[in-house]
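Undergrad: Below is the file data.tsv, with TSV, C-alpha atoms.
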chain	number	residue	atom	x	y	z
A	1	MET	CA	17.47	12.86	152.88
A	2	CYS	CA	18.00	14.95	149.71
A	3	TRP	CA	20.69	15.07	147.02
A	4	ALA	CA	21.38	17.77	144.45
A	5	TYR	CA	21.78	16.61	140.85
A	6	PRO	CA	23.13	19.09	138.28
A	7	TRP	CA	20.72	17.97	135.51
A	8	TYR	CA	17.62	17.01	137.48
A	9	GLY	CA	17.64	19.34	140.47
A	10	VAL	CA	17.01	18.16	144.04
A	11	TYR	CA	16.03	14.52	144.64
A	12	CYS	CA	14.61	13.49	148.03
A	13	ALA	CA	14.21	9.83	149.05
A	14	THR	CA	15.24	7.30	151.67
A	15	TYR	CA	17.94	5.70	149.49
A	16	VAL	CA	20.73	6.77	147.13
A	17	PRO	CA	19.45	6.09	143.58
A	18	THR	CA	22.97	5.54	142.17
A	19	GLN	CA	24.22	3.04	144.76
A	20	THR	CA	23.57	0.07	142.44
A	21	THR	CA	24.33	1.85	139.18
A	22	THR	CA	27.67	1.71	137.40
A	23	ARG	CA	28.53	3.96	134.46
A	24	PHE	CA	31.71	4.06	132.39
A	25	SER	CA	33.69	7.06	131.18
A	26	TYR	CA	37.16	7.65	129.81
A	27	ASN	CA	39.25	10.67	128.80
A	28	ALA	CA	41.90	11.62	126.30
A	29	GLY	CA	43.74	14.91	126.17
A	30	ALA	CA	46.64	16.73	124.58
A	31	GLY	CA	48.32	20.07	125.09
A	32	LEU	CA	51.02	22.43	123.91
A	33	ARG	CA	53.06	24.89	125.97
A	34	LEU	CA	55.08	27.86	124.72
A	35	ASP	CA	57.52	29.72	126.97
A	36	ALA	CA	58.15	33.18	125.52
A	37	GLY	CA	60.43	35.14	127.83
A	38	ARG	CA	58.48	35.58	131.06
A	39	GLY	CA	55.20	34.71	129.36
A	40	VAL	CA	53.65	31.25	129.25
A	41	PHE	CA	50.95	30.16	126.80
A	42	ARG	CA	49.17	26.81	126.91
A	43	LEU	CA	46.58	25.26	124.60
A	44	LEU	CA	44.82	22.14	125.85
A	45	VAL	CA	42.15	19.89	124.36
A	46	ASN	CA	40.39	17.19	126.39
A	47	SER	CA	37.61	14.81	125.39
A	48	GLN	CA	35.49	12.73	127.77
A	49	TRP	CA	33.28	9.87	126.60
A	50	MET	CA	30.51	8.56	128.85
A	51	ASP	CA	28.51	5.36	128.36
A	52	PHE	CA	25.26	5.45	130.32
A	53	GLY	CA	24.21	1.95	129.28
A	54	GLY	CA	20.92	0.59	128.00
A	55	SER	CA	18.59	2.95	126.21
A	56	TYR	CA	20.35	5.99	127.70
A	57	GLY	CA	23.13	5.78	125.11
A	58	SER	CA	26.41	7.66	125.33
A	59	SER	CA	27.69	11.22	125.29
A	60	ASN	CA	30.90	13.04	124.41
A	61	VAL	CA	32.15	16.33	125.86
A	62	ILE	CA	35.11	18.22	124.35
A	63	GLN	CA	36.88	20.92	126.36
A	64	TYR	CA	39.16	23.53	124.77
A	65	ARG	CA	41.35	25.61	127.05
A	66	LEU	CA	43.74	28.48	126.41
A	67	ASP	CA	45.90	29.71	129.32
A	68	PHE	CA	48.04	32.85	129.55
A	69	GLY	CA	50.45	33.36	132.41
A	70	THR	CA	53.73	34.76	133.59
A	71	LYS	CA	56.77	33.34	135.34
A	72	PHE	CA	58.33	35.08	138.31
Would you mind giving the structure from this file in structure tokens?

TA:
Amino acid sequence: MCWAYPWYGVYCATYVPTQTTTRFSYNAGAGLRLDAGRGVFRLLVNSQWMDFGGSYGSSNVIQYRLDFGTKF
């Protein structure tokens, strides 16, 4: 059986390598919305922290997002 991992590619084995592994992550986010007539503008910021444990350390990903839209 094979699994596709985004960072490592395809992994083929007889067991799932993550079945006994637990990792921790948490998120925090904030956003603003402006309604201007029929237009809608949103600005969002989200941060995700991941702790991989042991010698793998941790990582942080920050996402910025700007949305434009209309109301009907």

Undergrad: I'd like the interatomic distance between CA of Asn27 in chain A and CA of Gln48 in chain A, to a tenth of an Å.

TA: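 Between CA of Asn27 in chain A and CA of Gln48 in chain A the gap works out to 4.4 Å.
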
Undergrad: Give me, please, the distance in Å between CA of Val45 in chain A and CA of Arg23 in chain A, quoted to one decimal.

TA: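 So the two atoms, CA of Val45 in chain A and CA of Arg23 in chain A, lie 23.3 Å apart.
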
Undergrad: Quick one: pull the distance between CA of Asn46 in chain A and CA of Leu32 in chain A, Å, one decimal.

TA: 12.1 Å

Undergrad: Taking 4 positions as the minimum chain separation for residues in the same chain, which residues sit within 9 Å of Trp3 in chain A when counting all atoms listed in the file? Answer as a PyMOL selection string.

TA: chain A and resi 9-13+16

Undergrad: Find, counting all atoms listed in the file, the residue in A:Leu66, A:Cys2, A:Met50, A:Leu44 that gets nearest to Gly31 in chain A.

TA: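 Checking each of A:Leu66, A:Cys2, A:Met50, A:Leu44 against Gly31 in chain A, counting all atoms listed in the file, the winner is A:Leu44.
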
Undergrad: Considering all atoms listed in the file, can you say which of A:Phe41, A:Trp49, A:Tyr56, A:Tyr5 comes closest to Thr70 in chain A?

TA: A:Phe41

Undergrad: Name the closest residue to Val61 in chain A among the candidates A:Leu34, A:Thr14, A:Tyr8, A:Ser25; distances are taken between atoms, counting all atoms listed in the file.

TA: A:Ser25
